[in-house]
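Text of structure.txt (compact mmCIF, C-alpha atoms) as supplied:
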# COMPACT_ATOMS: atom_id res chain seq x y z
CA MET A 1 -1.49 -5.31 -24.72
CA PHE A 2 -0.35 -2.91 -22.04
CA THR A 3 1.56 -4.49 -19.19
CA ASP A 4 2.41 -2.74 -15.94
CA ARG A 5 4.28 -4.65 -13.27
CA ARG A 6 3.20 -2.21 -10.56
CA PRO A 7 -0.11 -2.56 -8.72
CA ALA A 8 -2.75 -0.67 -10.70
CA ARG A 9 -3.78 2.77 -9.45
CA HIS A 10 -7.47 3.53 -9.47
CA THR A 11 -9.75 6.54 -9.47
CA ALA A 12 -13.50 6.74 -9.14
CA VAL A 13 -15.34 5.56 -12.23
CA ASP A 14 -17.35 8.26 -14.05
CA ALA A 15 -20.86 6.81 -14.20
CA GLY A 16 -21.96 9.40 -16.75
CA MET A 17 -19.13 8.90 -19.23
CA ALA A 18 -20.06 8.06 -22.84
CA TRP A 19 -18.52 4.91 -24.28
CA TRP A 20 -18.42 3.26 -27.66
CA ARG A 21 -20.50 0.09 -27.42
CA ILE A 22 -19.69 -2.49 -30.09
CA THR A 23 -21.85 -5.61 -30.34
CA ALA A 24 -21.18 -8.50 -32.71
CA TYR A 25 -23.62 -11.29 -33.53
CA PRO A 26 -21.41 -14.21 -34.63
CA ASP A 27 -22.30 -17.74 -35.58
CA PRO A 28 -22.14 -19.99 -32.47
CA ALA A 29 -18.97 -21.71 -33.72
CA LEU A 30 -17.14 -18.36 -33.85
CA VAL A 31 -18.09 -17.00 -30.43
CA ASP A 32 -14.72 -17.80 -28.89
CA GLU A 33 -12.69 -16.22 -31.68
CA VAL A 34 -14.88 -13.11 -31.68
CA ALA A 35 -14.65 -12.81 -27.89
CA ALA A 36 -10.86 -13.10 -28.12
CA VAL A 37 -10.80 -10.19 -30.60
CA PHE A 38 -12.83 -8.06 -28.18
CA VAL A 39 -10.49 -8.96 -25.33
CA GLN A 40 -7.49 -7.96 -27.45
CA TYR A 41 -8.84 -4.53 -28.40
CA THR A 42 -11.19 -3.57 -25.56
CA GLY A 43 -9.79 -5.57 -22.64
CA GLY A 44 -12.98 -7.55 -22.09
CA ALA A 45 -15.91 -9.32 -23.71
CA ALA A 46 -19.45 -9.88 -22.46
CA VAL A 47 -21.08 -12.93 -24.07
CA GLU A 48 -24.87 -12.95 -23.78
CA ASP A 49 -27.08 -16.03 -23.83
CA PRO A 50 -29.90 -15.00 -26.22
CA ALA A 51 -32.45 -17.20 -24.47
CA LEU A 52 -31.74 -15.53 -21.14
CA VAL A 53 -31.68 -12.03 -22.60
CA ASP A 54 -34.98 -12.51 -24.42
CA ALA A 55 -36.57 -14.04 -21.32
CA VAL A 56 -36.05 -10.85 -19.33
CA GLY A 57 -37.04 -8.65 -22.25
CA ALA A 58 -33.69 -6.87 -22.31
CA ALA A 59 -32.78 -7.52 -25.94
CA ARG A 60 -32.92 -4.53 -28.25
CA ARG A 61 -33.15 -4.68 -32.03
CA ALA A 62 -30.87 -2.53 -34.13
CA PRO A 63 -32.91 -0.66 -36.77
CA ASP A 64 -30.87 -2.08 -39.67
CA LEU A 65 -30.38 -5.58 -38.34
CA VAL A 66 -32.54 -8.63 -37.86
CA ARG A 67 -31.14 -10.07 -34.68
CA PRO A 68 -29.99 -13.66 -35.21
CA ARG A 69 -30.86 -16.42 -32.81
CA GLY A 70 -27.23 -16.92 -31.90
CA PRO A 71 -25.16 -15.24 -29.16
CA ALA A 72 -24.07 -11.61 -28.89
CA VAL A 73 -20.60 -10.43 -27.89
CA THR A 74 -20.19 -6.87 -26.60
CA GLY A 75 -17.24 -4.68 -25.72
CA TYR A 76 -16.78 -1.02 -24.74
CA LEU A 77 -14.16 1.57 -25.68
CA ALA A 78 -13.56 5.10 -24.46
CA PRO A 79 -14.61 7.66 -27.14
CA GLY A 80 -11.06 8.87 -27.76
CA LEU A 81 -9.81 5.45 -28.88
CA ARG A 82 -10.86 5.84 -32.52
CA ARG A 83 -7.87 4.00 -33.98
CA ARG A 84 -8.41 1.05 -31.68
CA ARG A 85 -12.08 0.97 -32.67
CA ARG A 86 -11.09 0.87 -36.35
CA LEU A 87 -8.69 -1.99 -35.67
CA LEU A 88 -11.37 -3.87 -33.74
CA LEU A 89 -13.91 -3.47 -36.55
CA ALA A 90 -11.33 -4.57 -39.12
CA ALA A 91 -10.51 -7.68 -37.09
CA LEU A 92 -14.20 -8.51 -36.69
CA ALA A 93 -14.74 -8.07 -40.44
CA GLY A 94 -12.40 -10.99 -40.99
CA LEU A 95 -14.72 -13.23 -38.98
CA ILE A 96 -18.29 -12.09 -39.53
CA PRO A 97 -20.25 -9.93 -42.01
CA ARG A 98 -20.24 -6.19 -41.30
CA ARG A 99 -24.04 -6.14 -41.02
CA ARG A 100 -23.72 -8.31 -37.90
CA VAL A 101 -21.68 -5.69 -36.05
CA VAL A 102 -23.52 -2.77 -34.42
CA THR A 103 -21.76 0.27 -32.96
CA GLY A 104 -23.07 3.24 -31.03
CA PHE A 105 -22.59 5.43 -27.97
CA CYS A 106 -23.81 4.42 -24.53
CA HIS A 107 -23.55 6.22 -21.21
CA SER A 108 -22.51 3.95 -18.36
CA SER A 109 -25.52 5.22 -16.39
CA GLN A 110 -27.80 3.90 -19.15
CA TRP A 111 -26.55 0.33 -19.02
CA ASP A 112 -26.44 0.49 -15.22
CA GLU A 113 -30.18 1.14 -14.99
CA ALA A 114 -31.04 -1.31 -17.78
CA TRP A 115 -29.54 -4.40 -16.16
CA LYS A 116 -30.10 -3.44 -12.52
CA LYS A 117 -33.81 -4.17 -13.04
CA TYR A 118 -33.00 -7.85 -13.52
CA TYR A 119 -29.97 -8.32 -11.25
CA HIS A 120 -30.83 -9.62 -7.76
CA ALA A 121 -29.30 -11.79 -5.03
CA HIS A 122 -28.10 -15.02 -6.61
CA ARG A 123 -26.97 -18.22 -4.86
CA VAL A 124 -24.01 -20.12 -6.29
CA GLY A 125 -22.88 -23.50 -4.99
CA SER A 126 -23.68 -24.49 -1.43
CA ARG A 127 -22.93 -21.27 0.47
CA LEU A 128 -21.92 -18.42 -1.85
CA VAL A 129 -24.50 -15.67 -2.49
CA VAL A 130 -23.80 -12.81 -4.89
CA VAL A 131 -25.74 -9.71 -3.83
CA PRO A 132 -25.98 -6.42 -5.79
CA ALA A 133 -24.34 -3.59 -3.88
CA TRP A 134 -27.60 -1.61 -3.82
CA GLU A 135 -29.75 -4.43 -2.35
CA THR A 136 -30.38 -5.18 1.31
CA TYR A 137 -29.79 -8.83 2.15
CA ALA A 138 -29.82 -10.59 5.52
CA ALA A 139 -27.53 -13.60 5.25
CA PRO A 140 -28.42 -16.66 7.34
CA PRO A 141 -25.63 -18.47 9.21
CA GLY A 142 -23.26 -20.36 6.95
CA GLU A 143 -23.63 -18.16 3.87
CA THR A 144 -20.75 -16.19 2.34
CA VAL A 145 -22.02 -12.99 0.75
CA ILE A 146 -20.23 -11.32 -2.16
CA ARG A 147 -21.47 -7.76 -2.62
CA LEU A 148 -20.96 -6.55 -6.15
CA ASP A 149 -21.46 -3.61 -8.48
CA PRO A 150 -19.86 -4.86 -11.71
CA GLY A 151 -20.54 -1.70 -13.72
CA PRO A 152 -19.26 -2.27 -17.28
CA ALA A 153 -16.93 -5.11 -16.19
CA PHE A 154 -17.76 -8.76 -16.82
CA GLY A 155 -18.80 -10.95 -13.91
CA ASN A 156 -22.01 -10.42 -11.95
CA GLY A 157 -22.32 -14.06 -10.87
CA THR A 158 -25.31 -14.99 -13.04
CA HIS A 159 -23.52 -16.14 -16.20
CA PRO A 160 -22.87 -19.92 -16.34
CA THR A 161 -19.12 -19.40 -16.79
CA THR A 162 -18.88 -17.38 -13.57
CA GLU A 163 -21.12 -19.83 -11.72
CA LEU A 164 -18.99 -22.81 -12.71
CA CYS A 165 -15.77 -21.09 -11.62
CA LEU A 166 -17.29 -20.08 -8.28
CA GLU A 167 -18.45 -23.65 -7.69
CA PHE A 168 -14.97 -25.02 -8.33
CA LEU A 169 -13.51 -22.28 -6.12
CA GLU A 170 -15.83 -23.27 -3.30
CA GLU A 171 -14.90 -26.92 -3.80
CA VAL A 172 -11.13 -26.41 -3.54
CA ALA A 173 -11.53 -24.18 -0.43
CA PRO A 174 -8.45 -21.94 -0.83
CA LYS A 175 -7.92 -21.20 2.88
CA GLY A 176 -4.44 -19.77 3.37
CA ALA A 177 -3.68 -20.04 -0.36
CA ARG A 178 -1.93 -17.62 -2.66
CA VAL A 179 -4.29 -17.06 -5.58
CA ALA A 180 -4.14 -15.39 -9.00
CA ASP A 181 -7.25 -14.31 -10.88
CA VAL A 182 -6.45 -13.81 -14.57
CA GLY A 183 -8.94 -11.55 -16.36
CA THR A 184 -10.54 -10.45 -13.12
CA GLY A 185 -13.27 -8.26 -14.69
CA SER A 186 -15.56 -7.13 -11.87
CA GLY A 187 -13.26 -8.88 -9.39
CA ILE A 188 -15.89 -11.43 -8.40
CA LEU A 189 -13.60 -14.48 -8.40
CA ALA A 190 -10.76 -12.69 -6.64
CA ILE A 191 -13.13 -11.38 -3.98
CA ALA A 192 -14.73 -14.81 -3.55
CA ALA A 193 -11.29 -16.36 -3.07
CA ALA A 194 -10.45 -13.79 -0.38
CA LEU A 195 -13.77 -14.33 1.39
CA CYS A 196 -13.17 -18.09 1.29
CA GLY A 197 -9.92 -17.64 3.19
CA ALA A 198 -7.18 -16.98 0.62
CA ARG A 199 -4.08 -15.45 2.15
CA ARG A 200 -3.27 -13.20 -0.81
CA VAL A 201 -4.92 -12.68 -4.21
CA ALA A 202 -3.34 -11.11 -7.29
CA ALA A 203 -6.09 -9.94 -9.67
CA VAL A 204 -4.92 -9.19 -13.22
CA ASP A 205 -6.71 -7.58 -16.16
CA VAL A 206 -5.74 -5.67 -19.30
CA ASP A 207 -8.66 -3.27 -18.83
CA GLY A 208 -8.02 -0.35 -16.50
CA THR A 209 -11.73 0.44 -16.19
CA ALA A 210 -12.50 -3.10 -15.08
CA LEU A 211 -9.71 -2.88 -12.51
CA ALA A 212 -11.17 0.32 -11.12
CA TRP A 213 -14.56 -1.32 -10.60
CA ALA A 214 -12.93 -4.45 -9.18
CA ALA A 215 -10.93 -2.41 -6.66
CA GLN A 216 -14.12 -0.69 -5.51
CA ASN A 217 -15.82 -4.07 -5.13
CA ALA A 218 -12.91 -5.42 -3.10
CA ALA A 219 -13.23 -2.47 -0.72
CA LEU A 220 -17.00 -2.99 -0.56
CA ASN A 221 -16.39 -6.56 0.65
CA GLY A 222 -13.67 -5.62 3.14
CA VAL A 223 -10.92 -7.53 1.31
CA ALA A 224 -8.93 -4.62 -0.14
CA GLY A 225 -6.01 -5.63 2.08
CA ILE A 226 -5.97 -9.16 0.62
CA VAL A 227 -6.63 -8.53 -3.09
CA ARG A 228 -4.11 -6.50 -5.10
CA PHE A 229 -4.78 -5.46 -8.67
CA TYR A 230 -2.36 -5.50 -11.60
CA ARG A 231 -2.76 -4.32 -15.17
CA GLY A 232 -1.36 -6.60 -17.84
CA ALA A 233 -1.83 -9.67 -20.01
CA PHE A 234 -2.15 -13.15 -18.50
CA LEU A 235 0.36 -13.59 -15.64
CA ALA A 236 2.95 -11.14 -16.98
CA PRO A 237 2.59 -8.58 -14.14
CA VAL A 238 3.24 -11.30 -11.53
CA ARG A 239 5.50 -13.58 -13.57
CA ARG A 240 8.05 -14.19 -10.81
CA ARG A 241 5.44 -15.45 -8.35
CA THR A 242 3.96 -18.89 -7.80
CA PHE A 243 0.43 -19.71 -6.71
CA ASP A 244 -1.59 -22.40 -5.01
CA LEU A 245 -4.62 -21.58 -7.15
CA ILE A 246 -5.08 -19.80 -10.48
CA LEU A 247 -8.55 -18.69 -11.60
CA ALA A 248 -9.06 -17.94 -15.30
CA ASN A 249 -12.54 -17.23 -16.66
CA LEU A 250 -11.51 -16.28 -20.20
CA THR A 251 -12.18 -17.88 -23.58
CA ALA A 252 -10.95 -21.13 -25.11
CA VAL A 253 -8.48 -19.27 -27.34
CA LEU A 254 -6.99 -17.34 -24.42
CA LEU A 255 -6.93 -20.37 -22.12
CA THR A 256 -4.85 -22.36 -24.63
CA ARG A 257 -2.33 -19.51 -24.60
CA LEU A 258 -2.40 -19.21 -20.83
CA ALA A 259 -1.95 -22.94 -20.12
CA PRO A 260 1.90 -23.05 -20.22
CA GLU A 261 2.18 -19.89 -18.09
CA ALA A 262 -0.32 -21.23 -15.59
CA ALA A 263 1.42 -24.61 -15.34
CA ALA A 264 4.76 -22.90 -14.71
CA ALA A 265 3.28 -20.59 -12.07
CA LEU A 266 1.54 -23.31 -10.02
CA ARG A 267 3.19 -24.65 -6.91
CA GLU A 268 3.35 -28.37 -6.12
CA GLY A 269 -0.24 -29.45 -5.62
CA GLY A 270 -1.52 -26.21 -7.15
CA MET A 271 -4.80 -26.05 -9.06
CA LEU A 272 -6.14 -24.17 -12.07
CA VAL A 273 -9.82 -23.32 -12.55
CA ALA A 274 -10.38 -22.65 -16.25
CA GLY A 275 -13.77 -21.31 -17.37
CA GLY A 276 -15.39 -19.40 -20.20
CA ILE A 277 -15.23 -22.33 -22.64
CA ILE A 278 -17.99 -22.96 -25.15
CA ALA A 279 -18.71 -26.69 -25.39
CA PRO A 280 -17.41 -27.19 -28.97
CA ARG A 281 -13.98 -25.90 -27.88
CA ALA A 282 -13.73 -27.88 -24.65
CA LEU A 283 -11.57 -30.63 -26.16
CA ASP A 284 -9.09 -28.05 -27.49
CA VAL A 285 -8.67 -26.53 -24.04
CA ARG A 286 -8.38 -29.93 -22.35
CA GLU A 287 -5.61 -30.93 -24.78
CA ALA A 288 -3.80 -27.62 -24.21
CA LEU A 289 -3.89 -28.15 -20.45
CA VAL A 290 -2.47 -31.67 -20.82
CA ARG A 291 0.27 -30.49 -23.20
CA ALA A 292 1.25 -27.89 -20.60
CA GLY A 293 1.79 -30.65 -18.04
CA LEU A 294 -1.49 -30.39 -16.17
CA VAL A 295 -3.90 -33.14 -15.19
CA VAL A 296 -7.62 -32.44 -15.64
CA LYS A 297 -9.20 -33.49 -12.36
CA GLY A 298 -12.78 -32.43 -13.03
CA ASP A 299 -15.15 -30.67 -15.38
CA ARG A 300 -18.55 -29.01 -15.13
CA VAL A 301 -21.00 -28.27 -17.94
CA ARG A 302 -23.93 -25.86 -17.93
CA ASP A 303 -26.01 -24.36 -20.74
CA GLY A 304 -23.36 -25.04 -23.37
CA TRP A 305 -20.45 -23.77 -21.26
CA VAL A 306 -17.62 -25.83 -19.75
CA ALA A 307 -15.14 -25.29 -16.92
CA PHE A 308 -12.15 -27.45 -15.96
CA LEU A 309 -10.33 -28.06 -12.71
CA ALA A 310 -6.72 -29.01 -13.43
CA GLY A 311 -3.65 -29.62 -11.30
CA ARG A 312 0.08 -30.02 -11.72
CA ARG A 313 1.17 -33.47 -12.76
CA GLU A 314 2.91 -35.25 -9.89
CA ARG A 315 6.55 -36.02 -10.45
What does this structure look like when you write it as structure tokens?
Amino acid sequence: MFTDRRPARHTAVDAGMAWWRITAYPDPALVDEVAAVFVQYTGGAAVEDPALVDAVGAARRAPDLVRPRGPAVTGYLAPGLRRRRRLLLAALAGLIPRRRVVTGFCHSSQWDEAWKKYYHAHRVGSRLVVVPAWETYAAPPGETVIRLDPGPAFGNGTHPTTELCLEFLEEVAPKGARVADVGTGSGILAIAAALCGARRVAAVDVDGTALAWAAQNAALNGVAGIVRFYRGAFLAPVRRRTFDLILANLTAVLLTRLAPEAAAALREGGMLVAGGIIAPRALDVREALVRAGLVVKGDRVRDGWVAFLAGRRER
């Protein structure tokens, strides 16, 4: 994974660029491992809830594939990255049958229009409201509005994993805190932390495209001076810093790897919000957090997904 200790530089995202879109349809028990493979080779993974996708009529059948009733995991690669695509497909072949992996080209403008039809203002917790950048929304007193155009990056506020992390974030109220957001995606958690009063937020991702969208979203919300973006794996780009709060909406596999780094990077009294965990892997993540010296202070469960709130063990 590419690591750059300097703040990431960003340019405007080309909305008409063609991308490789790779979608895998794994068995439910393998979702986490498959998502981790996508993160390794593409920098991100979008996990779809089939029930939700079918409900809005957005699911598409591949001509040579009968779509299973299980989840779908999707990642995107720039067209020039042929070797990386081959490596990704080879890694996926070790987990699921080849017929359950579909590849093809997709223009970013195509997926933009497809999901914008179903993406509207969405309340999370008691006062957070995620509003698409293209919608007009009059916020009543007491609401905190997060304006977002996630583009191809993960995190539009409607997935249970993002909801659970935002709810924990609202609960811990990071006013004046130094925050890290690991795997920032669209930047939604980093932006929410800044809007909730964080003093400084370091948003980290391995995917340069996601960082570009996240930086645009930070500017859209007026928090570009609070949130800084770094390209790299886990907390490597900010390894010499300590934080009051670490946000990590990843996968169970990646969270078990992150746990020791997160524990070492938390200040006294610091907290970790860990999301993106499918229910069957929740115990593994909990045990990894405890082994790293953290105390699990709370958990939330929704639609088969789990998030933990953990803190440093008192000495």
Please identify all polymer residues within 6 Å of region 118-135 of chain A, counting only C-alpha atoms, omitting same-chain residues fewer than 4 positions from it, and present them as JSON, numbers by chain. {"A": [143, 144, 145, 146, 147, 148, 149, 167]}
In terms of all atoms listed in the file, the residue from A:Thr74, A:Thr42, A:Gln216, A:Thr251 at minimal distance from Arg21 (chain A) is A:Thr74
Taking 5 positions as the minimum chain separation for residues in the same chain, which residues sit within 10 Å of region 259-269 of chain A when counting only C-alpha atoms? Answer as a compact mmCIF listing (two decimals) with C-alpha atoms, in the coordinates of the input.
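Produced file selection_29.txt, reproduced below:
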# COMPACT_ATOMS: atom_id res chain seq x y z
CA ARG A 178 -1.93 -17.62 -2.66
CA VAL A 179 -4.29 -17.06 -5.58
CA ALA A 180 -4.14 -15.39 -9.00
CA VAL A 182 -6.45 -13.81 -14.57
CA PHE A 234 -2.15 -13.15 -18.50
CA LEU A 235 0.36 -13.59 -15.64
CA ALA A 236 2.95 -11.14 -16.98
CA VAL A 238 3.24 -11.30 -11.53
CA ARG A 239 5.50 -13.58 -13.57
CA ARG A 240 8.05 -14.19 -10.81
CA ARG A 241 5.44 -15.45 -8.35
CA THR A 242 3.96 -18.89 -7.80
CA PHE A 243 0.43 -19.71 -6.71
CA ASP A 244 -1.59 -22.40 -5.01
CA LEU A 245 -4.62 -21.58 -7.15
CA ILE A 246 -5.08 -19.80 -10.48
CA LEU A 247 -8.55 -18.69 -11.60
CA ALA A 248 -9.06 -17.94 -15.30
CA LEU A 254 -6.99 -17.34 -24.42
CA ALA A 274 -10.38 -22.65 -16.25
CA VAL A 285 -8.67 -26.53 -24.04
CA ARG A 286 -8.38 -29.93 -22.35
CA GLU A 287 -5.61 -30.93 -24.78
CA ALA A 288 -3.80 -27.62 -24.21
CA LEU A 289 -3.89 -28.15 -20.45
CA VAL A 290 -2.47 -31.67 -20.82
CA ARG A 291 0.27 -30.49 -23.20
CA ALA A 292 1.25 -27.89 -20.60
CA GLY A 293 1.79 -30.65 -18.04
CA LEU A 294 -1.49 -30.39 -16.17
CA ALA A 310 -6.72 -29.01 -13.43
CA GLY A 311 -3.65 -29.62 -11.30
CA ARG A 312 0.08 -30.02 -11.72
CA ARG A 313 1.17 -33.47 -12.76
CA GLU A 314 2.91 -35.25 -9.89
CA ARG A 315 6.55 -36.02 -10.45
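Closest approach to Tyr76 (chain A) among A:Ala282, A:Cys165, A:Ala210, A:Ala36: A:Ala210, based on all atoms listed in the file.
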With distances taken over all atoms listed in the file, which of A:Ile22, A:Leu164, A:Ala203, A:Ala177 is nearest to Cys106 (chain A)?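 Looking only at the distances to Cys106 (chain A), the closest residue turns out to be A:Ile22.
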One decimal, Å: what's the distance from CA of Ile226 (chain A) over to CA of Leu255 (chain A), could you say? 25.4 Å
What does the structure give for the distance between CA of Asn249 (chain A) and CA of Thr161 (chain A), in Å to one decimal? 6.9 Å
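Proximity to Val253 (chain A) was assessed for A:Thr23, A:Gln40, A:Asn221, A:Ser186 counting all atoms listed in the file; the smallest distance is recorded for A:Gln40.
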Correct to one decimal, the distance CA of Val31 (chain A)-CA of Phe308 (chain A) is 18.8 Å
Calculated over only C-alpha atoms, which of the candidates A:Val102, A:Val201, A:Ala29, A:Leu166 has the smallest distance to Gly70 (chain A)? A:Ala29
